[in-house]
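Pasting final-v9.txt here (compact mmCIF, C-alpha atoms):
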```txt
# COMPACT_ATOMS: atom_id res chain seq x y z
CA MET A 85 84.02 96.32 -29.32
CA PRO A 86 84.22 93.48 -31.88
CA ILE A 87 81.45 93.59 -34.45
CA GLU A 88 80.18 90.15 -33.32
CA GLU A 89 79.52 91.52 -29.81
CA ARG A 90 78.47 95.06 -30.63
CA HIS A 91 75.05 96.20 -29.34
CA PHE A 92 73.14 99.46 -29.18
CA GLU A 93 75.12 100.59 -26.12
CA ASP A 94 78.37 100.51 -28.12
CA TYR A 95 77.27 103.22 -30.59
CA HIS A 96 78.35 106.54 -29.07
CA GLU A 97 77.30 109.92 -30.38
CA GLY A 98 80.20 111.74 -32.02
CA ALA A 99 82.29 108.63 -32.74
CA VAL A 100 83.99 108.71 -36.16
CA TYR A 101 85.39 105.60 -37.89
CA GLU A 102 86.94 104.90 -41.27
CA TYR A 103 86.92 101.59 -43.13
CA GLY A 104 87.85 100.19 -46.51
CA ASP A 105 88.89 99.94 -49.29
CA VAL A 106 86.64 98.56 -51.96
CA SER A 107 86.86 99.09 -55.70
CA VAL A 108 85.08 97.85 -58.82
CA THR A 109 86.02 97.05 -62.39
CA ASP A 110 84.38 98.27 -65.61
CA ASP A 111 82.89 94.77 -65.98
CA GLU A 112 81.28 94.97 -62.54
CA ILE A 113 79.97 98.49 -63.25
CA ILE A 114 78.41 97.24 -66.49
CA ALA A 115 76.99 94.04 -64.95
CA PHE A 116 75.28 95.92 -62.11
CA ALA A 117 73.92 98.55 -64.48
CA ARG A 118 72.57 95.97 -66.93
CA ASP A 119 70.51 94.53 -64.08
CA PHE A 120 69.40 97.75 -62.44
CA ASP A 121 70.29 101.00 -64.24
CA PRO A 122 70.92 100.44 -67.95
CA GLN A 123 71.59 104.07 -68.89
CA PRO A 124 74.21 104.31 -71.66
CA PHE A 125 76.85 106.06 -69.52
CA HIS A 126 76.69 103.03 -67.15
CA VAL A 127 76.67 100.17 -69.69
CA ASP A 128 78.33 101.32 -72.94
CA LEU A 129 82.05 102.17 -72.80
CA ALA A 130 82.17 103.78 -76.25
CA TYR A 131 79.08 105.95 -75.66
CA ALA A 132 80.25 106.81 -72.17
CA ARG A 133 83.45 108.45 -73.51
CA THR A 134 81.31 111.00 -75.37
CA GLY A 135 78.60 111.20 -72.69
CA PRO A 136 78.00 113.65 -69.85
CA PHE A 137 80.68 112.09 -67.59
CA GLY A 138 83.45 111.65 -70.21
CA GLY A 139 83.79 107.95 -69.41
CA LEU A 140 82.08 104.98 -67.82
CA VAL A 141 80.78 105.71 -64.31
CA ALA A 142 79.09 103.44 -61.80
CA SER A 143 75.35 103.73 -61.25
CA GLY A 144 74.70 105.73 -58.11
CA PHE A 145 72.69 102.75 -56.90
CA HIS A 146 75.84 100.62 -57.29
CA THR A 147 77.77 103.16 -55.21
CA ASN A 148 74.98 102.99 -52.62
CA ALA A 149 75.15 99.18 -52.57
CA LEU A 150 78.94 99.29 -52.06
CA PHE A 151 78.39 101.76 -49.23
CA MET A 152 76.11 99.16 -47.65
CA ARG A 153 78.72 96.44 -48.10
CA LEU A 154 81.31 98.37 -46.11
CA PHE A 155 78.69 99.51 -43.59
CA ALA A 156 77.47 95.93 -43.02
CA ASP A 157 80.97 94.43 -42.89
CA HIS A 158 82.56 96.95 -40.55
CA PHE A 159 80.10 99.20 -38.73
CA LEU A 160 76.73 97.52 -38.24
CA SER A 161 76.64 94.89 -35.50
CA HIS A 162 76.59 91.33 -36.83
CA VAL A 163 74.38 90.19 -33.92
CA ALA A 164 72.13 93.14 -32.99
CA SER A 165 71.00 94.76 -36.26
CA LEU A 166 67.21 94.98 -36.55
CA GLY A 167 67.02 96.75 -39.89
CA SER A 168 66.50 100.34 -40.92
CA PRO A 169 63.46 102.53 -41.63
CA GLY A 170 65.34 104.47 -44.31
CA PHE A 171 67.83 107.22 -44.97
CA GLY A 172 67.93 110.79 -46.17
CA GLY A 173 70.13 113.39 -47.77
CA LEU A 174 71.71 111.07 -50.31
CA ARG A 175 74.19 113.05 -52.42
CA TRP A 176 76.23 111.77 -55.33
CA THR A 177 78.92 114.43 -55.54
CA VAL A 178 81.61 112.81 -57.73
CA PRO A 179 80.97 110.08 -60.32
CA VAL A 180 82.74 106.84 -59.37
CA ARG A 181 84.92 105.03 -61.92
CA ALA A 182 86.56 101.62 -62.17
CA GLY A 183 89.65 101.28 -59.99
CA ASP A 184 88.74 104.10 -57.61
CA GLN A 185 89.63 102.94 -54.09
CA ARG A 186 86.60 103.83 -52.01
CA ARG A 187 86.62 104.10 -48.24
CA LEU A 188 83.74 104.53 -45.81
CA ARG A 189 83.64 107.12 -43.05
CA THR A 190 80.90 106.91 -40.44
CA THR A 191 80.01 109.62 -37.93
CA ILE A 192 77.41 108.78 -35.29
CA LEU A 193 75.08 111.79 -35.12
CA ALA A 194 72.61 110.49 -32.53
CA SER A 195 72.03 107.42 -30.42
CA ARG A 196 68.92 107.05 -28.27
CA PRO A 197 66.83 104.27 -26.71
CA SER A 198 63.57 103.48 -28.48
CA ALA A 199 60.60 105.25 -26.88
CA SER A 200 58.24 102.35 -27.64
CA LYS A 201 60.43 99.20 -27.51
CA PRO A 202 62.76 98.80 -24.52
CA ASP A 203 64.84 96.07 -26.18
CA ARG A 204 66.36 98.38 -28.79
CA GLY A 205 67.76 101.78 -29.68
CA LEU A 206 68.01 104.01 -32.73
CA VAL A 207 71.36 105.10 -34.14
CA ARG A 208 71.56 107.88 -36.72
CA THR A 209 74.80 107.91 -38.71
CA ARG A 210 76.32 110.06 -41.44
CA GLY A 211 77.93 107.74 -43.95
CA GLU A 212 80.42 109.11 -46.48
CA MET A 213 82.18 107.26 -49.29
CA LEU A 214 85.61 108.70 -49.95
CA VAL A 215 87.93 108.40 -52.95
CA GLY A 216 91.22 109.99 -51.90
CA ASP A 217 90.11 113.17 -50.12
CA ASP A 218 86.92 113.58 -52.16
CA ILE A 219 83.53 112.73 -50.68
CA VAL A 220 81.86 110.95 -53.59
CA MET A 221 78.62 109.97 -51.81
CA SER A 222 77.00 110.80 -48.50
CA LEU A 223 73.78 109.99 -46.68
CA ILE A 224 72.28 109.98 -43.19
CA ILE A 225 70.88 106.59 -42.21
CA THR A 226 68.90 105.38 -39.19
CA ASN A 227 69.37 101.86 -37.82
CA PHE A 228 67.62 99.87 -35.11
CA LEU A 229 70.03 97.99 -32.83
CA ARG A 230 69.18 95.50 -30.10
CA CYS A 231 70.34 96.33 -26.55
CA ARG A 232 72.85 94.06 -24.83
CA PRO A 233 70.93 91.11 -23.34
CA MET A 234 72.07 91.62 -19.75
CA ASP A 235 70.53 95.11 -19.75
CA ASN A 236 67.32 93.56 -20.84
CA PRO A 237 66.40 90.68 -18.52
CA MET B 73 55.84 111.02 -75.55
CA PRO B 74 57.87 107.83 -76.26
CA ILE B 75 60.76 107.36 -73.86
CA GLU B 76 63.23 107.51 -76.79
CA GLU B 77 62.09 111.06 -77.63
CA ARG B 78 61.34 112.40 -74.18
CA HIS B 79 63.15 115.58 -73.11
CA PHE B 80 62.97 117.98 -70.19
CA GLU B 81 59.94 119.74 -71.69
CA ASP B 82 57.91 116.51 -71.48
CA TYR B 83 58.08 116.30 -67.67
CA HIS B 84 55.08 118.18 -66.34
CA GLU B 85 54.55 119.08 -62.71
CA GLY B 86 51.73 117.06 -61.19
CA ALA B 87 51.85 114.20 -63.69
CA VAL B 88 51.39 110.76 -62.12
CA TYR B 89 52.34 107.50 -63.85
CA GLU B 90 52.38 103.85 -62.82
CA TYR B 91 54.65 101.13 -64.25
CA GLY B 92 55.55 97.52 -63.57
CA ASP B 93 55.62 94.80 -62.40
CA VAL B 94 58.91 93.39 -61.28
CA SER B 95 59.51 90.63 -58.73
CA VAL B 96 62.47 88.70 -57.34
CA THR B 97 63.12 85.18 -56.11
CA ASP B 98 64.71 84.06 -52.84
CA ASP B 99 67.83 83.16 -54.86
CA GLU B 100 68.05 86.69 -56.29
CA ILE B 101 67.51 88.21 -52.82
CA ILE B 102 70.32 86.06 -51.43
CA ALA B 103 72.69 86.70 -54.37
CA PHE B 104 72.31 90.50 -54.13
CA ALA B 105 72.71 90.43 -50.36
CA ARG B 106 75.84 88.23 -50.49
CA ASP B 107 77.44 90.90 -52.68
CA PHE B 108 76.22 94.00 -50.89
CA ASP B 109 74.31 93.47 -47.62
CA PRO B 110 75.14 90.08 -46.04
CA GLN B 111 72.99 90.47 -42.93
CA PRO B 112 71.53 87.11 -41.86
CA PHE B 113 67.88 88.07 -42.52
CA HIS B 114 68.90 88.75 -46.16
CA VAL B 115 71.11 85.69 -46.83
CA ASP B 116 70.09 82.84 -44.50
CA LEU B 117 66.60 81.37 -45.00
CA ALA B 118 66.64 79.32 -41.78
CA TYR B 119 67.85 82.21 -39.62
CA ALA B 120 65.48 84.61 -41.35
CA ARG B 121 62.44 82.59 -40.20
CA THR B 122 63.37 83.29 -36.57
CA GLY B 123 64.70 86.81 -37.24
CA PRO B 124 63.12 90.24 -36.89
CA PHE B 125 61.13 89.97 -40.15
CA GLY B 126 59.85 86.36 -39.72
CA GLY B 127 61.26 85.33 -43.10
CA LEU B 128 63.72 86.24 -45.80
CA VAL B 129 63.42 89.87 -46.95
CA ALA B 130 65.26 91.75 -49.67
CA SER B 131 67.97 94.20 -48.72
CA GLY B 132 66.58 97.71 -48.85
CA PHE B 133 69.42 98.49 -51.29
CA HIS B 134 68.08 95.73 -53.54
CA THR B 135 64.63 97.31 -53.37
CA ASN B 136 66.24 100.66 -54.25
CA ALA B 137 68.05 99.10 -57.24
CA LEU B 138 64.79 97.57 -58.49
CA PHE B 139 63.17 100.98 -58.13
CA MET B 140 65.91 102.33 -60.41
CA ARG B 141 65.33 99.55 -62.93
CA LEU B 142 61.67 100.49 -63.35
CA PHE B 143 62.50 104.21 -63.23
CA ALA B 144 65.18 103.85 -65.95
CA ASP B 145 63.07 101.54 -68.14
CA HIS B 146 59.83 103.50 -68.05
CA PHE B 147 60.16 107.05 -66.71
CA LEU B 148 63.60 108.48 -67.35
CA SER B 149 64.27 109.56 -70.92
CA HIS B 150 66.52 107.17 -72.83
CA VAL B 151 68.08 110.06 -74.76
CA ALA B 152 68.13 113.09 -72.46
CA SER B 153 69.11 111.86 -69.00
CA LEU B 154 72.15 113.67 -67.60
CA GLY B 155 72.33 111.94 -64.23
CA SER B 156 71.20 112.85 -60.75
CA PRO B 157 72.73 114.76 -57.84
CA GLY B 158 70.94 112.52 -55.31
CA PHE B 159 67.70 111.82 -53.52
CA GLY B 160 66.11 112.29 -50.14
CA GLY B 161 63.42 110.98 -47.84
CA LEU B 162 64.07 107.30 -48.56
CA ARG B 163 61.64 105.22 -46.51
CA TRP B 164 61.45 101.44 -46.35
CA THR B 165 57.98 100.93 -44.95
CA VAL B 166 57.24 97.25 -45.65
CA PRO B 167 59.90 94.53 -46.02
CA VAL B 168 59.87 93.06 -49.53
CA ARG B 169 59.77 89.27 -50.03
CA ALA B 170 60.27 86.89 -52.94
CA GLY B 171 57.33 86.81 -55.34
CA ASP B 172 55.94 90.21 -54.34
CA GLN B 173 54.83 91.97 -57.54
CA ARG B 174 56.23 95.46 -57.23
CA ARG B 175 55.02 98.42 -59.25
CA LEU B 176 56.45 101.92 -59.54
CA ARG B 177 54.41 105.09 -59.16
CA THR B 178 56.01 108.40 -60.09
CA THR B 179 54.64 111.84 -59.25
CA ILE B 180 56.41 114.85 -60.72
CA LEU B 181 56.72 117.38 -57.88
CA ALA B 182 58.65 120.10 -59.71
CA SER B 183 60.12 120.79 -63.11
CA ARG B 184 62.22 123.87 -63.79
CA PRO B 185 64.92 125.02 -66.21
CA SER B 186 68.46 125.05 -64.87
CA ALA B 187 69.50 128.49 -63.64
CA SER B 188 73.12 127.99 -64.73
CA LYS B 189 72.93 125.72 -67.82
CA PRO B 190 70.41 126.62 -70.54
CA ASP B 191 70.60 123.20 -72.21
CA ARG B 192 68.92 121.34 -69.34
CA GLY B 193 66.28 121.31 -66.64
CA LEU B 194 65.77 119.75 -63.21
CA VAL B 195 62.91 117.38 -62.49
CA ARG B 196 62.02 116.42 -58.92
CA THR B 197 59.95 113.25 -58.64
CA ARG B 198 58.38 111.26 -55.82
CA GLY B 199 58.98 107.59 -56.57
CA GLU B 200 56.96 104.95 -54.74
CA MET B 201 57.29 101.17 -54.98
CA LEU B 202 53.95 99.45 -54.47
CA VAL B 203 53.06 95.87 -53.58
CA GLY B 204 49.31 95.61 -53.91
CA ASP B 205 48.04 98.77 -52.23
CA ASP B 206 51.00 99.04 -49.84
CA ILE B 207 53.75 101.58 -50.42
CA VAL B 208 56.85 99.53 -49.58
CA MET B 209 59.47 102.16 -50.43
CA SER B 210 59.43 105.84 -51.30
CA LEU B 211 61.93 108.56 -52.08
CA ILE B 212 62.17 111.97 -53.73
CA ILE B 213 64.79 112.09 -56.49
CA THR B 214 66.17 114.93 -58.61
CA ASN B 215 67.22 114.34 -62.24
CA PHE B 216 68.89 116.49 -64.85
CA LEU B 217 67.27 116.24 -68.30
CA ARG B 218 68.48 117.77 -71.55
CA CYS B 219 66.12 120.17 -73.32
CA ARG B 220 64.77 119.29 -76.77
CA PRO B 221 67.45 120.24 -79.34
CA MET B 222 65.25 122.58 -81.38
CA ASP B 223 64.70 124.76 -78.31
CA ASN B 224 68.40 124.97 -77.94
CA PRO B 225 70.01 126.04 -81.26
```
Full structure transcribed into structure tokens:
Amino acid sequence: MPIEERHFEDYHEGAVYEYGDVSVTDDEIIAFARDFDPQPFHVDLAYARTGPFGGLVASGFHTNALFMRLFADHFLSHVASLGSPGFGGLRWTVPVRAGDQRRLRTTILASRPSASKPDRGLVRTRGEMLVGDDIVMSLIITNFLRCRPMDNP
Amino acid sequence: MPIEERHFEDYHEGAVYEYGDVSVTDDEIIAFARDFDPQPFHVDLAYARTGPFGGLVASGFHTNALFMRLFADHFLSHVASLGSPGFGGLRWTVPVRAGDQRRLRTTILASRPSASKPDRGLVRTRGEMLVGDDIVMSLIITNFLRCRPMDNP
């Protein structure tokens, strides 16, 4: 189902998709970190070489934001998204560096109509960012999606 | 203990601190969302007025990044931070709008030496973003902190 027509009913438990790639440069890593996470191993190339990661690595919050970019572009309906109450189980398992080609894998864990609001459903999804075969980040996010209008007169 | 001298030993279970403020403009909300979360209620003022939040709201990932800015500026040691394996229990409870003055509250839930690496400890912290008396975002994050050098000859 094209993302411009996708509604709650199109999110099926067990479905697995893969999207991408996206990558970032050292300059983008540094610019994001200067705004939001100015730790030396995210903003200072020379320090970073001697630091705990042996080189410049992206802020985990930058990795999370790039996850959202792929999730919003490719997975989340462009017409029926009603936001999210949050996510859990966020793991940063491999530091992400400039030039890494990151992909997104989504696995729908659960999909159920809202108990209180008949116009929408809840979809729970495992999102994983991949670089090669390594999972570099994972989380489990809940999203509210509007039902298809004809089911909802 | 000044943030430039803070080490693992300075993070005490039960300690509660509050820092801030930080706020964003509509332009900053839109710029972040164009890069990372281009859903219409984050990038399109006119649409947002009729959308699920009745106005433009910041991407939750923007709120998370601003959390990290306050956390890195005020809470996390500037000399002993060794990164984080992740966080859990992220809740977005109130949408955040331009001009909201956000504060950060941190509560140290646990602090223990690493079982495998004697040069560091783990600190688990509840982080809450506040606007007025409302908690607008919360999470529980784990950080690795280096021990003070003299304890570690």
Can you work out the spacing between CA of Pro157 (chain B) and CA of Val108 (chain A) in Å, to one decimal?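 Separating CA of Pro157 (chain B) from CA of Val108 (chain A) is a distance of 21.0 Å.
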With a cut-off of 8 Å, could you pull out the residues of region 140-159 of chain A touching region 118-136 of chain B and give me the nearest pair of atoms for each, distance in Å to one decimal, using all atoms listed in the file, ordered by chain and ascending number, as a tab-separated table?
```
residue	atom	partner	partner_atom	distance
A:Phe145	CA	B:Asn136	CA	7.3
A:Asn148	CA	B:Phe133	CA	7.3
A:Ala149	CA	B:Phe133	CA	5.9
A:Met152	CA	B:Phe133	CA	7.6
```
Using all atoms listed in the file and a distance of at most 6 Å, pull out the residues of chain B that contact chain A, as a PDB file with C-alpha atoms, keeping the file's coordinate frame.
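Final output, selection.pdb:
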```pdb
ATOM      1  CA  PHE B 108      76.220  94.000 -50.890  1.00  0.00           C
ATOM      2  CA  ASP B 109      74.310  93.470 -47.620  1.00  0.00           C
ATOM      3  CA  PHE B 133      69.420  98.490 -51.290  1.00  0.00           C
ATOM      4  CA  ALA B 137      68.050  99.100 -57.240  1.00  0.00           C
ATOM      5  CA  MET B 140      65.910 102.330 -60.410  1.00  0.00           C
ATOM      6  CA  ARG B 141      65.330  99.550 -62.930  1.00  0.00           C
ATOM      7  CA  PRO B 157      72.730 114.760 -57.840  1.00  0.00           C
ATOM      8  CA  GLY B 158      70.940 112.520 -55.310  1.00  0.00           C
ATOM      9  CA  PHE B 159      67.700 111.820 -53.520  1.00  0.00           C
ATOM     10  CA  GLY B 160      66.110 112.290 -50.140  1.00  0.00           C
ATOM     11  CA  GLY B 161      63.420 110.980 -47.840  1.00  0.00           C
ATOM     12  CA  LEU B 162      64.070 107.300 -48.560  1.00  0.00           C
ATOM     13  CA  ARG B 163      61.640 105.220 -46.510  1.00  0.00           C
ATOM     14  CA  TRP B 164      61.450 101.440 -46.350  1.00  0.00           C
TER      15      TRP B 164
END
```
Nearby residues (only C-alpha atoms) at most 8 Å from region 188-199 of chain A, same-chain spacing under 2 positions excluded, as a VMD selection string: chain A and resid 95 to 105 151 154 to 155 159 186 201 to 214
Record the distance separating CA of Arg187 (chain A) and CA of Asp99 (chain B), expressed in Å with one decimal. 28.9 Å
Work out how far apart CA of Arg230 (chain A) and CA of Glu93 (chain A) are and give it in Å to one decimal.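 CA of Glu93 (chain A) lies at a distance of 8.8 Å from CA of Arg230 (chain A).
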Nearest-residue call for Met85 (chain A), choices A:Asp128, A:His158, A:Asp110, A:Val180, using all atoms listed in the file: A:His158
His79 (chain B) environment, 6 Å, all atoms listed in the file, sequence neighbours closer than 5 positions dropped, as a PyMOL selection string: chain B and resi 152+218-220
For a quick check of understanding, using all atoms listed in the file, which of A:Ser200, A:Glu88, A:Val106, A:Gln185 has the smallest distance to Asp217 (chain A)?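 The shortest atom-to-atom distance to Asp217 (chain A) comes from A:Gln185.
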